[in-house]
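Structure file run-v2.txt (compact mmCIF, C-alpha atoms) follows.
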```txt
# COMPACT_ATOMS: atom_id res chain seq x y z
CA MET V 55 -9.20 23.88 17.16
CA ARG V 56 -6.01 25.58 18.33
CA ILE V 57 -4.99 28.75 16.45
CA ALA V 58 -1.73 30.59 17.09
CA THR V 59 0.34 33.56 15.96
CA TRP V 60 4.07 34.04 16.51
CA ASN V 61 6.69 36.50 15.37
CA VAL V 62 9.62 34.08 15.25
CA ASN V 63 12.25 36.80 14.63
CA GLY V 64 14.21 34.87 12.01
CA LEU V 65 13.28 31.32 11.06
CA ARG V 66 16.85 30.09 10.59
CA ALA V 67 17.80 31.19 14.10
CA ARG V 68 14.61 29.81 15.62
CA LEU V 69 13.89 26.60 13.67
CA ASP V 70 14.79 24.10 16.41
CA PHE V 71 12.95 26.25 18.95
CA LEU V 72 9.87 26.39 16.71
CA LYS V 73 9.97 22.62 16.14
CA ARG V 74 9.97 22.04 19.90
CA TRP V 75 7.00 24.38 20.33
CA LEU V 76 5.01 22.71 17.54
CA GLU V 77 5.64 19.28 19.02
CA GLU V 78 4.65 20.36 22.51
CA ARG V 79 1.73 22.71 21.84
CA GLN V 80 0.30 20.91 18.77
CA PRO V 81 -1.47 23.92 17.17
CA ASP V 82 -3.77 23.28 14.22
CA ILE V 83 -2.99 26.56 12.41
CA VAL V 84 -0.11 28.97 13.01
CA GLY V 85 0.48 32.40 11.50
CA MET V 86 4.21 33.23 11.52
CA GLN V 87 5.89 36.59 11.03
CA GLU V 88 9.37 38.01 10.47
CA LEU V 89 10.60 34.83 8.78
CA LYS V 90 13.52 36.65 7.08
CA ILE V 91 13.67 33.94 4.41
CA THR V 92 12.38 33.34 0.89
CA ALA V 93 9.85 30.67 -0.01
CA ASP V 94 12.54 28.77 -1.94
CA GLU V 95 14.75 28.66 1.15
CA PHE V 96 11.97 27.67 3.54
CA PRO V 97 12.56 24.25 5.19
CA THR V 98 9.22 22.79 4.13
CA GLU V 99 10.35 19.23 4.82
CA VAL V 100 10.80 19.99 8.52
CA PHE V 101 7.18 21.07 8.81
CA THR V 102 5.95 18.19 6.65
CA SER V 103 7.68 15.74 8.97
CA LEU V 104 5.67 17.22 11.84
CA GLY V 105 2.38 16.93 9.95
CA TYR V 106 2.05 20.50 8.68
CA ASN V 107 1.34 22.01 5.30
CA VAL V 108 2.91 25.42 4.74
CA ALA V 109 2.30 28.53 2.64
CA ILE V 110 4.95 31.25 2.57
CA HIS V 111 5.19 34.84 1.39
CA GLY V 112 8.86 35.41 2.08
CA GLU V 113 11.58 37.94 1.49
CA LYS V 114 15.35 37.62 1.72
CA GLY V 115 16.72 38.96 4.98
CA TRP V 116 13.63 40.93 6.03
CA ASN V 117 9.94 40.63 6.84
CA GLY V 118 8.19 37.50 5.55
CA VAL V 119 4.98 35.82 6.72
CA GLY V 120 3.74 32.26 6.54
CA ILE V 121 1.09 29.76 7.58
CA ALA V 122 1.56 26.25 8.93
CA SER V 123 -1.55 24.09 9.09
CA ARG V 124 -2.51 20.50 9.81
CA HIS V 125 -5.20 20.97 7.16
CA ALA V 126 -5.02 21.84 3.47
CA ILE V 127 -4.18 25.48 2.71
CA GLU V 128 -5.79 27.33 -0.19
CA VAL V 129 -3.86 30.58 -0.60
CA GLU V 130 -6.03 33.56 -1.56
CA THR V 131 -3.76 36.62 -1.27
CA THR V 132 -0.04 37.27 -0.84
CA GLY V 133 0.93 40.83 -0.04
CA LEU V 134 -1.26 43.77 0.93
CA PRO V 135 -2.54 45.30 -2.33
CA GLY V 136 -0.90 48.65 -3.05
CA GLN V 137 1.77 48.19 -0.36
CA SER V 138 4.41 46.09 -2.09
CA GLU V 139 7.14 48.64 -1.35
CA MET V 140 6.81 47.81 2.35
CA GLY V 141 7.75 44.16 1.79
CA SER V 142 6.20 40.73 2.34
CA ARG V 143 3.79 41.36 5.18
CA LEU V 144 0.45 39.63 4.51
CA ILE V 145 -0.81 36.23 3.47
CA THR V 146 -4.43 35.04 3.42
CA ALA V 147 -5.66 31.49 2.97
CA THR V 148 -8.81 29.43 3.36
CA ILE V 149 -8.39 26.52 5.77
CA GLN V 150 -11.27 24.21 6.73
CA GLY V 151 -13.77 26.91 5.74
CA LEU V 152 -11.97 29.54 7.84
CA SER V 153 -10.46 32.64 6.26
CA PHE V 154 -7.04 32.99 7.90
CA THR V 155 -4.79 36.03 7.47
CA THR V 156 -1.49 36.73 9.16
CA VAL V 157 0.30 40.07 8.98
CA TYR V 158 3.50 41.76 10.03
CA VAL V 159 2.72 45.47 10.41
CA PRO V 160 5.62 47.87 9.72
CA ASN V 161 7.47 48.97 12.85
CA GLY V 162 7.60 52.67 11.97
CA LYS V 163 11.11 53.02 13.45
CA ASP V 164 10.70 56.53 14.86
CA LEU V 165 8.08 59.27 14.86
CA ASP V 166 10.35 61.41 12.68
CA HIS V 167 11.25 58.58 10.29
CA VAL V 168 9.66 58.30 6.85
CA ASP V 169 8.47 54.79 7.79
CA TYR V 170 6.12 56.18 10.46
CA PRO V 171 3.56 57.71 8.06
CA ARG V 172 4.05 54.65 5.86
CA LYS V 173 3.07 52.50 8.83
CA LEU V 174 -0.10 54.54 9.33
CA GLN V 175 -0.96 54.22 5.65
CA TRP V 176 -0.29 50.47 5.75
CA LEU V 177 -2.74 50.06 8.62
CA GLU V 178 -5.36 52.15 6.81
CA THR V 179 -4.90 50.04 3.69
CA LEU V 180 -5.23 46.85 5.75
CA ALA V 181 -8.54 48.01 7.24
CA ASP V 182 -9.88 48.98 3.81
CA HIS V 183 -8.72 45.69 2.31
CA TRP V 184 -10.31 43.71 5.11
CA SER V 185 -13.64 45.49 4.77
CA ALA V 186 -13.61 44.92 1.02
CA THR V 187 -12.86 41.20 1.24
CA HIS V 188 -14.69 40.00 4.37
CA ALA V 189 -18.34 40.17 5.39
CA SER V 190 -19.22 40.45 9.08
CA GLY V 191 -20.82 37.00 9.01
CA ASP V 192 -17.71 35.28 7.67
CA ALA V 193 -15.69 33.00 9.92
CA ALA V 194 -12.38 34.84 9.66
CA ILE V 195 -9.19 35.44 11.64
CA LEU V 196 -6.63 38.21 11.31
CA CYS V 197 -3.52 37.67 13.40
CA GLY V 198 0.08 38.77 13.67
CA ASP V 199 2.51 41.34 14.97
CA PHE V 200 0.76 44.72 14.79
CA ASN V 201 3.47 46.88 16.39
CA VAL V 202 0.83 48.97 18.20
CA THR V 203 -0.40 48.89 21.78
CA PRO V 204 -4.19 49.31 21.65
CA ALA V 205 -4.39 51.06 25.04
CA ALA V 206 -2.35 52.07 28.08
CA ILE V 207 -3.02 48.71 29.75
CA ASP V 208 -1.09 47.03 26.93
CA SER V 209 2.20 48.74 27.85
CA TRP V 210 4.30 48.25 30.96
CA ARG V 211 4.67 52.03 31.19
CA GLY V 212 0.92 52.52 31.09
CA ALA V 213 -0.27 56.02 30.21
CA ALA V 214 3.27 57.34 30.75
CA ALA V 215 4.16 55.90 27.34
CA ASP V 216 1.37 57.69 25.48
CA GLY V 217 2.74 59.54 22.47
CA ARG V 218 5.76 57.28 21.99
CA LEU V 219 6.12 54.97 19.00
CA PHE V 220 3.62 52.08 19.30
CA HIS V 221 1.56 54.26 21.67
CA THR V 222 0.50 57.24 19.56
CA PRO V 223 -3.13 58.29 19.04
CA ALA V 224 -2.61 58.03 15.28
CA GLU V 225 -1.47 54.39 15.48
CA ARG V 226 -4.28 53.48 17.85
CA ASP V 227 -6.86 55.21 15.67
CA ARG V 228 -5.75 53.12 12.68
CA LEU V 229 -5.89 49.95 14.75
CA ARG V 230 -9.44 50.78 15.83
CA MET V 231 -10.43 50.82 12.17
CA LEU V 232 -10.18 47.02 12.36
CA ASP V 233 -12.70 46.97 15.21
CA GLN V 234 -15.01 49.00 13.00
CA SER V 235 -14.58 46.36 10.29
CA GLY V 236 -16.28 43.72 12.44
CA LEU V 237 -13.20 42.29 14.13
CA TYR V 238 -12.72 41.54 17.82
CA ASP V 239 -9.44 41.42 19.74
CA LEU V 240 -10.00 37.94 21.14
CA PHE V 241 -7.62 38.28 24.07
CA ARG V 242 -9.14 41.55 25.22
CA GLU V 243 -12.67 40.21 24.77
CA LYS V 244 -11.80 37.27 27.01
CA TYR V 245 -9.73 39.24 29.54
CA PRO V 246 -10.90 42.88 29.51
CA ASP V 247 -8.90 43.96 32.57
CA ASP V 248 -5.75 41.81 32.43
CA GLN V 249 -2.36 43.34 31.75
CA ARG V 250 -0.31 40.77 29.86
CA PHE V 251 2.40 41.25 27.28
CA SER V 252 3.57 39.43 24.15
CA TRP V 253 6.87 41.24 23.45
CA TRP V 254 9.83 42.10 25.65
CA ASP V 255 13.09 43.77 24.59
CA TYR V 256 16.14 41.51 24.77
CA ARG V 257 18.01 44.30 26.54
CA GLY V 258 18.06 45.28 30.18
CA GLY V 259 16.38 42.16 31.53
CA ALA V 260 13.02 43.46 30.29
CA PHE V 261 11.35 40.05 30.32
CA HIS V 262 12.25 39.27 33.92
CA ARG V 263 11.31 42.80 34.99
CA GLY V 264 7.91 42.56 33.35
CA GLN V 265 8.68 45.43 31.00
CA GLY V 266 6.72 44.33 27.95
CA LEU V 267 4.13 45.33 25.40
CA ARG V 268 1.09 43.54 24.02
CA ILE V 269 1.46 44.00 20.27
CA ASP V 270 0.66 40.49 18.95
CA PHE V 271 -3.04 39.83 18.45
CA ILE V 272 -5.52 37.33 17.14
CA TYR V 273 -8.60 39.11 15.85
CA GLY V 274 -11.73 37.22 14.92
CA THR V 275 -15.14 37.96 13.47
CA ALA V 276 -18.31 37.39 15.51
CA PRO V 277 -18.69 33.73 14.42
CA VAL V 278 -15.13 33.08 15.63
CA LEU V 279 -15.61 35.01 18.88
CA ALA V 280 -18.62 32.83 19.68
CA ARG V 281 -16.35 29.75 19.56
CA VAL V 282 -13.55 31.07 21.80
CA ARG V 283 -12.81 28.87 24.78
CA ASP V 284 -9.59 30.55 25.94
CA VAL V 285 -6.76 32.84 24.84
CA THR V 286 -3.23 32.52 26.21
CA ILE V 287 0.10 34.25 25.75
CA ASP V 288 2.66 31.46 25.86
CA ARG V 289 5.28 33.06 28.11
CA ASP V 290 7.16 29.80 28.57
CA TYR V 291 8.30 30.07 24.96
CA ARG V 292 9.74 33.52 25.48
CA LYS V 293 12.31 31.78 27.70
CA LYS V 294 15.37 29.85 26.60
CA GLN V 295 14.80 26.12 26.16
CA ASP V 296 17.88 23.95 26.73
CA GLY V 297 20.20 26.58 25.35
CA LEU V 298 17.92 27.51 22.42
CA THR V 299 17.33 31.27 22.28
CA ALA V 300 13.73 32.44 22.11
CA SER V 301 12.26 35.13 19.90
CA ASP V 302 11.60 38.44 21.63
CA HIS V 303 7.88 37.69 21.04
CA ALA V 304 5.80 35.01 22.75
CA PRO V 305 3.25 32.96 20.82
CA VAL V 306 -0.43 33.86 21.28
CA ILE V 307 -2.84 30.92 21.24
CA VAL V 308 -6.63 30.79 20.88
CA GLU V 309 -8.61 27.67 21.68
CA LEU V 310 -11.81 27.36 19.65
CA ASP V 311 -14.74 24.98 20.15
```
Encoded form (structure tokens):
Amino acid sequence: MRIATWNVNGLRARLDFLKRWLEERQPDIVGMQELKITADEFPTEVFTSLGYNVAIHGEKGWNGVGIASRHAIEVETTGLPGQSEMGSRLITATIQGLSFTTVYVPNGKDLDHVDYPRKLQWLETLADHWSATHASGDAAILCGDFNVTPAAIDSWRGAAADGRLFHTPAERDRLRMLDQSGLYDLFREKYPDDQRFSWWDYRGGAFHRGQGLRIDFIYGTAPVLARVRDVTIDRDYRKKQDGLTASDHAPVIVELD
């Protein structure tokens, strides 16, 4: 089974690019973030034509998460309980006996911005919600754009970036709450010493200079971790394809036995 997560950075702008990726990579389940579209506006027929069912928790112009799956989707939760003011940022479904959640964690904007403490609270609420709804023995995945680098190795600046947005001890402490909830960062479990990134700024040639961050993750519980064959960050789809502009995020893909 091939599981993926991708912040598409605007579905309208990226639809043809996403179609090409789906046709080439053939994932079984995809968590999508930053759709910037409502469920009513979502081009369901495009996904259906490619063999995918979809479930969307959208929002006009901002945020928005969704799931595309080759299997039936039974939606369990839309929205993080108690965090509706932060927008459409979570959807959970059961697919083939697997609990699948995709999230788009608030950016935080700036350490002095009101959204920064809201981001910390959102992450705390996510960890509490996960612990309350998932047992350690469940086969479950939590994936998405987390807008936090777990450690210095996950930033092109290394330890020099410590204390900046995405790199603060407070953000990392909240992210570690997920580890304490029985989740494993599948990429880091597979490649404990590799420095690879999933996001690069559009500006300043950051992608070609290797100036990126790893902020897009697929977490899994122990039963999922035991099935992991490989984890890849699909850098080829951070590049333009025949004139089609990529998202500033690359897809992350997990291969499961």
Query raised in the report: Which residues come within 8 Å of range 196-211 of chain V, counting all atoms listed in the file, excluding same-chain residues fewer than 6 positions away, as a PyMOL selection string?
Result: chain V and resi 59-61+85-87+154-161+220-221+225-226+229-230+248-251+264-274
Query raised in the report: Contacts of Val108 in chain V at 7 Å or less, counting all atoms listed in the file, minus same-chain residues fewer than 4 places along, as a list in words?
Result: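 Result of the neighbour search: Thr98, Ile121, Ala122 and Ser123 of chain V.
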Give me a file of those residues, with C-alpha atoms, as a short mmCIF file (atom, residue, chain, number, x, y, z; two decimals), in the coordinates of the input.
```cif
data_model
loop_
_atom_site.label_atom_id
_atom_site.label_comp_id
_atom_site.auth_asym_id
_atom_site.auth_seq_id
_atom_site.Cartn_x
_atom_site.Cartn_y
_atom_site.Cartn_z
CA THR V 98 9.22 22.79 4.13
CA ILE V 121 1.09 29.76 7.58
CA ALA V 122 1.56 26.25 8.93
CA SER V 123 -1.55 24.09 9.09
#
```
Query raised in the report: What is the distance, in Å and to one decimal place, between CA of Glu113 in chain V and CA of Thr92 in chain V?
Result: 4.7 Å
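Compared by their closest atoms to Thr179 in chain V, and using only C-alpha atoms, the residues V:Ile149, V:Met231, V:Lys163, V:Ala58 rank with V:Met231 nearest.
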Can you tell me, as a compact mmCIF listing (two decimals) with C-alpha atoms, in the coordinates of the input, what residues are no more than 8 Å from Leu310 in chain V when counting all atoms listed in the file, ignoring any on the same chain fewer than 3 positions away?
```txt
# COMPACT_ATOMS: atom_id res chain seq x y z
CA MET V 55 -9.20 23.88 17.16
CA ARG V 56 -6.01 25.58 18.33
CA ILE V 57 -4.99 28.75 16.45
CA VAL V 278 -15.13 33.08 15.63
CA ARG V 281 -16.35 29.75 19.56
CA VAL V 282 -13.55 31.07 21.80
CA ARG V 283 -12.81 28.87 24.78
CA ASP V 284 -9.59 30.55 25.94
```
Query raised in the report: From the list V:Asn63, V:Asn107, V:Ser185, V:Thr275, which residue is nearest Ser153 in chain V when using all atoms listed in the file?
Result: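 Using all atoms listed in the file, Ser153 in chain V sits closest to V:Thr275.
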Query raised in the report: Which distance in Å separates CA of Asp233 in chain V and CA of Glu139 in chain V, to one decimal?
Result: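 Computing the Euclidean distance for CA of Asp233 in chain V and CA of Glu139 in chain V yields 25.9 Å.
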Query raised in the report: Do you have the CA of Ile83 in chain V-CA of Trp254 in chain V distance handy?
Result: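 Value for the CA of Ile83 in chain V-CA of Trp254 in chain V distance: 24.1 Å.
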Requested in this report: Measuring atom to atom with only C-alpha atoms, identify which of V:Gly259, V:Pro171, V:Gly133, V:Pro277 is nearest to Leu240 in chain V.
Outcome: V:Pro277
What are the closest atom pairs, with distances in Å to one decimal, for each residue of range 242-308 of chain V lying within 12 Å of range 66-69 of chain V, using only C-alpha atoms, rows by chain and rising residue number, as a tab-separated table?
```
residue	atom	partner	partner_atom	distance
V:Tyr291	CA	V:Arg68	CA	11.3
V:Arg292	CA	V:Arg68	CA	11.6
V:Lys294	CA	V:Arg68	CA	11.0
V:Gln295	CA	V:Arg68	CA	11.2
V:Gly297	CA	V:Arg68	CA	11.7
V:Leu298	CA	V:Arg68	CA	7.9
V:Thr299	CA	V:Arg68	CA	7.3
V:Ala300	CA	V:Arg68	CA	7.1
V:Ser301	CA	V:Arg68	CA	7.2
V:Asp302	CA	V:Arg68	CA	10.9
V:His303	CA	V:Arg68	CA	11.7
```
Requested in this report: Tell me which of V:Val119, V:Leu237, V:Leu89, V:Met140 sits closest to Ala193 in chain V, counting all atoms listed in the file.
Outcome: V:Leu237
Report task. Using all atoms listed in the file, determine which residues lie at most 10 Å from Glu128 in chain V, disregarding the query and same-chain residues fewer than 3 positions distant; provide the list as an MDAnalysis selection string. Result -> chainID V and resid 109 125 131 146:151 153:154
Would you mind exporting the chosen residues as an mmCIF file, in the frame of the given file, restricted to C-alpha atoms?
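The result, written out as out_11.cif:
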```cif
data_model
loop_
_atom_site.group_PDB
_atom_site.id
_atom_site.type_symbol
_atom_site.label_atom_id
_atom_site.label_comp_id
_atom_site.auth_asym_id
_atom_site.auth_seq_id
_atom_site.Cartn_x
_atom_site.Cartn_y
_atom_site.Cartn_z
ATOM 1 C CA ALA V 109 2.300 28.530 2.640
ATOM 2 C CA HIS V 125 -5.200 20.970 7.160
ATOM 3 C CA THR V 131 -3.760 36.620 -1.270
ATOM 4 C CA THR V 146 -4.430 35.040 3.420
ATOM 5 C CA ALA V 147 -5.660 31.490 2.970
ATOM 6 C CA THR V 148 -8.810 29.430 3.360
ATOM 7 C CA ILE V 149 -8.390 26.520 5.770
ATOM 8 C CA GLN V 150 -11.270 24.210 6.730
ATOM 9 C CA GLY V 151 -13.770 26.910 5.740
ATOM 10 C CA SER V 153 -10.460 32.640 6.260
ATOM 11 C CA PHE V 154 -7.040 32.990 7.900
#
```
Report task. Would you list the residues near (8.0, 33.7, 1.8) (no more than 9 Å away, in the coordinates of the file, using all atoms listed in the file) as number ranges by chain? Result -> V: 89-96, 109-114, 117-120, 142
Report task. Pick out the closest residue to Lys73 in chain V from this set: V:Arg242, V:Ala280, V:Pro97, V:Ala126. Count all atoms listed in the file. Result ->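 Counting all atoms listed in the file, the residue closest to Lys73 in chain V is V:Pro97.
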First collect every listed atom of range 85-101 of chain V; then fit an axis-aligned box around them, widen it by 8 Å on each side, and give centre and edge lengths in Å to one decimal, as lines of an AutoDock Vina configuration file.
```
center_x = 7.6
center_y = 28.6
center_z = 4.8
size_x = 30.3
size_y = 34.8
size_z = 29.5
```
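For the residues V:Tyr106, V:Phe101, V:Arg172, V:Arg257, ranking by smallest atom-to-atom distance to Asp82 in chain V using only C-alpha atoms places V:Tyr106 first.
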